[in-house]
Amino acid sequence: MERRDFLKIGSLAGAGAVVPVSDLLAQKRAQKLKDKNEATEQQSDRDYWVSLLYKMSAPVLKNLSKGELKKNMMVEYSPIWDGRDKNVAYMECFGRLVAGLAPWLALPADDTKEGKLRKQLYDWSLKSYANAVDPASPDYLTWNKEGQPLVDAAYIAHSFIRAPQALWQPLDNKTKERYINEFKQLRRVRPAYNNWLLFSGIVESFLLSINEAADSFRIDMALRKMNEWYAGDGWFFDGPKFHFDYYNGYVIHPMLIDVLKILADRNKNYNEAYNTEMKRMQRYSEILERLISPEGTYPAVGRSVTYRVGAFQPLGQLALIEKLPGSITPAQVRSALTAVMRRMFSVEGVFDKNDWLQLGFAGHQPELADYYSNSGSMYLTSLGFLPLGLPADHTFWTSPAEDWTSRKAWSGKPFKKDGSLDN
């Protein structure tokens, strides 16, 4: 800014007053953010969710469908990257994205604005699934190196479990055969002694669901250890030691309940285990909902906090399958999660200029990234969008907005007294 402009600003502020340029710029940024938020809030909650999920999905699927993901994705790696093969980033990006996107893609086609966006992503997705396992494609993913591919193969398998008729059945026989072979060769990976056991379990459970030979030991080991690692009141240890983080949401409850569902559908002896886990997942989700502040924030605790709203996957999954605990209503969950999304994704830097997700929590904060994280890892945030699999006329979307628990509590309104789960 030239000297005469600075003096002009000072005179406008009042005789003898000088307003620092930094303060004026801060005020301008704050007003810009306020205007953006006010414009966004004019959208319905569903329209907002759709626009956000489309924004994060389009660059990934458009490029992968053309075999250009590795060519065009600008990957950002943790400042403390541990030296593993950097190509794992592309499989992380695709696998984590489709695991959250799958229920929405499974909705019937329609001619609405939303339907057209969904159809575009769906078409790109089927081509992307094919390229991801085609050795002749420039975007053939890193299936055969490192142990990391087990993690993201699990998310791909989870996408098939969540939308089998929409995403698995339409694939051509060659592509299906390639996925089956890739999933089976991942038995070479010895999973870490923590939530990774569920990655093996979900892959094998998917194979079981399509009547392929599954490694029952891997499924059984995951179930046995998770049962041993149950801490109480809806929480699991992530391995032999307890960690206060969101891995109960990122991995444990959602994958455990779906493994048990597949087993229970085939053998009623698993019904009790499924019902027990459902109660635990519901209790954990009650706690998650109470962690959302009146302002739409939540504690930035634990490792992998850069996975953003993926932390709320259990809430979204229970809403999707209509199994929310009686203590919280669908509208309450929708309102709370929308508040979190508006707060988090309105911060500049979450996306880069080309709409690729960047490292960070609220904004671009690469210093928060763990040694195993890259910008592809960030697409786990899509797991917070599972309720989009409910049609637009479902009560989750049509019910009037409701205050969530902490908003009621901190405004002096009646709210449900909390308890605990005995088993």
# chains A, B, ... in the order shown; residues from 1 in each chain; ligands from 1

$ residues_around --residues "range 332-336 of chain A" --least-positions-apart "5" --cutoff "12 Å" --atoms "only C-alpha atoms" --output "PyMOL selection string"
chain A and resi 41+44-46+48-49+285-286+288-298+309+312-320+322+324-327+341-343+384-388+390+394-408

$ select_by_dssp --residues "range 179-208 of chain A" --states "helix (DSSP H, G or I)" --output "list in words"
Tyr179, Ile180, Asn181, Glu182, Phe183, Lys184, Gln185, Leu186, Arg187, Arg188, Trp196, Leu197, Leu198, Phe199, Ser200, Gly201, Ile202, Val203, Glu204, Ser205, Phe206, Leu207 and Leu208 of chain A

$ residues_around --residues "Asp123 in chain A" --least-positions-apart "3" --cutoff "12 Å" --atoms "only C-alpha atoms" --output "count of residues only"
23

$ closest_residue --among "A:Ala132, A:Ile287, A:Val189, A:Val259" --to "Leu207 in chain A" --atoms "only C-alpha atoms"
A:Val259

$ closest_residue --among "A:Glu92, A:Asp238, A:Glu76, A:Asp370" --to "Trp196 in chain A" --atoms "only C-alpha atoms"
A:Asp238

$ select_by_dssp --residues "range 142-346 of chain A" --states "strand (DSSP E or B)" --output "compact mmCIF listing (two decimals) with N, CA, C and O atoms, in the first residue's frame"
# COMPACT_ATOMS: atom_id res chain seq x y z
N TYR A 230 -12.37 -54.34 24.15
CA TYR A 230 -13.47 -53.47 24.51
C TYR A 230 -13.22 -52.86 25.88
O TYR A 230 -12.99 -53.56 26.87
N ALA A 231 -13.22 -51.54 25.94
CA ALA A 231 -12.89 -50.83 27.18
C ALA A 231 -14.12 -50.57 28.05
O ALA A 231 -14.01 -50.49 29.27
N GLY A 232 -15.29 -50.44 27.42
CA GLY A 232 -16.51 -50.14 28.15
C GLY A 232 -17.14 -48.85 27.68
O GLY A 232 -16.48 -47.98 27.08
N TRP A 235 -16.54 -47.69 24.06
CA TRP A 235 -15.18 -47.42 23.59
C TRP A 235 -14.36 -48.70 23.50
O TRP A 235 -14.44 -49.57 24.37
N PHE A 236 -13.53 -48.77 22.46
CA PHE A 236 -12.57 -49.85 22.29
C PHE A 236 -11.15 -49.33 22.45
O PHE A 236 -10.84 -48.20 22.06

$ closest_residue --among "A:Leu337, A:Met344, A:Ala99, A:Ile210" --to "Pro254 in chain A" --atoms "only C-alpha atoms"
A:Ala99

$ atom_distance --atom1 "CA of Glu367 in chain A" --atom2 "CA of Gly302 in chain A"
14.1 Å
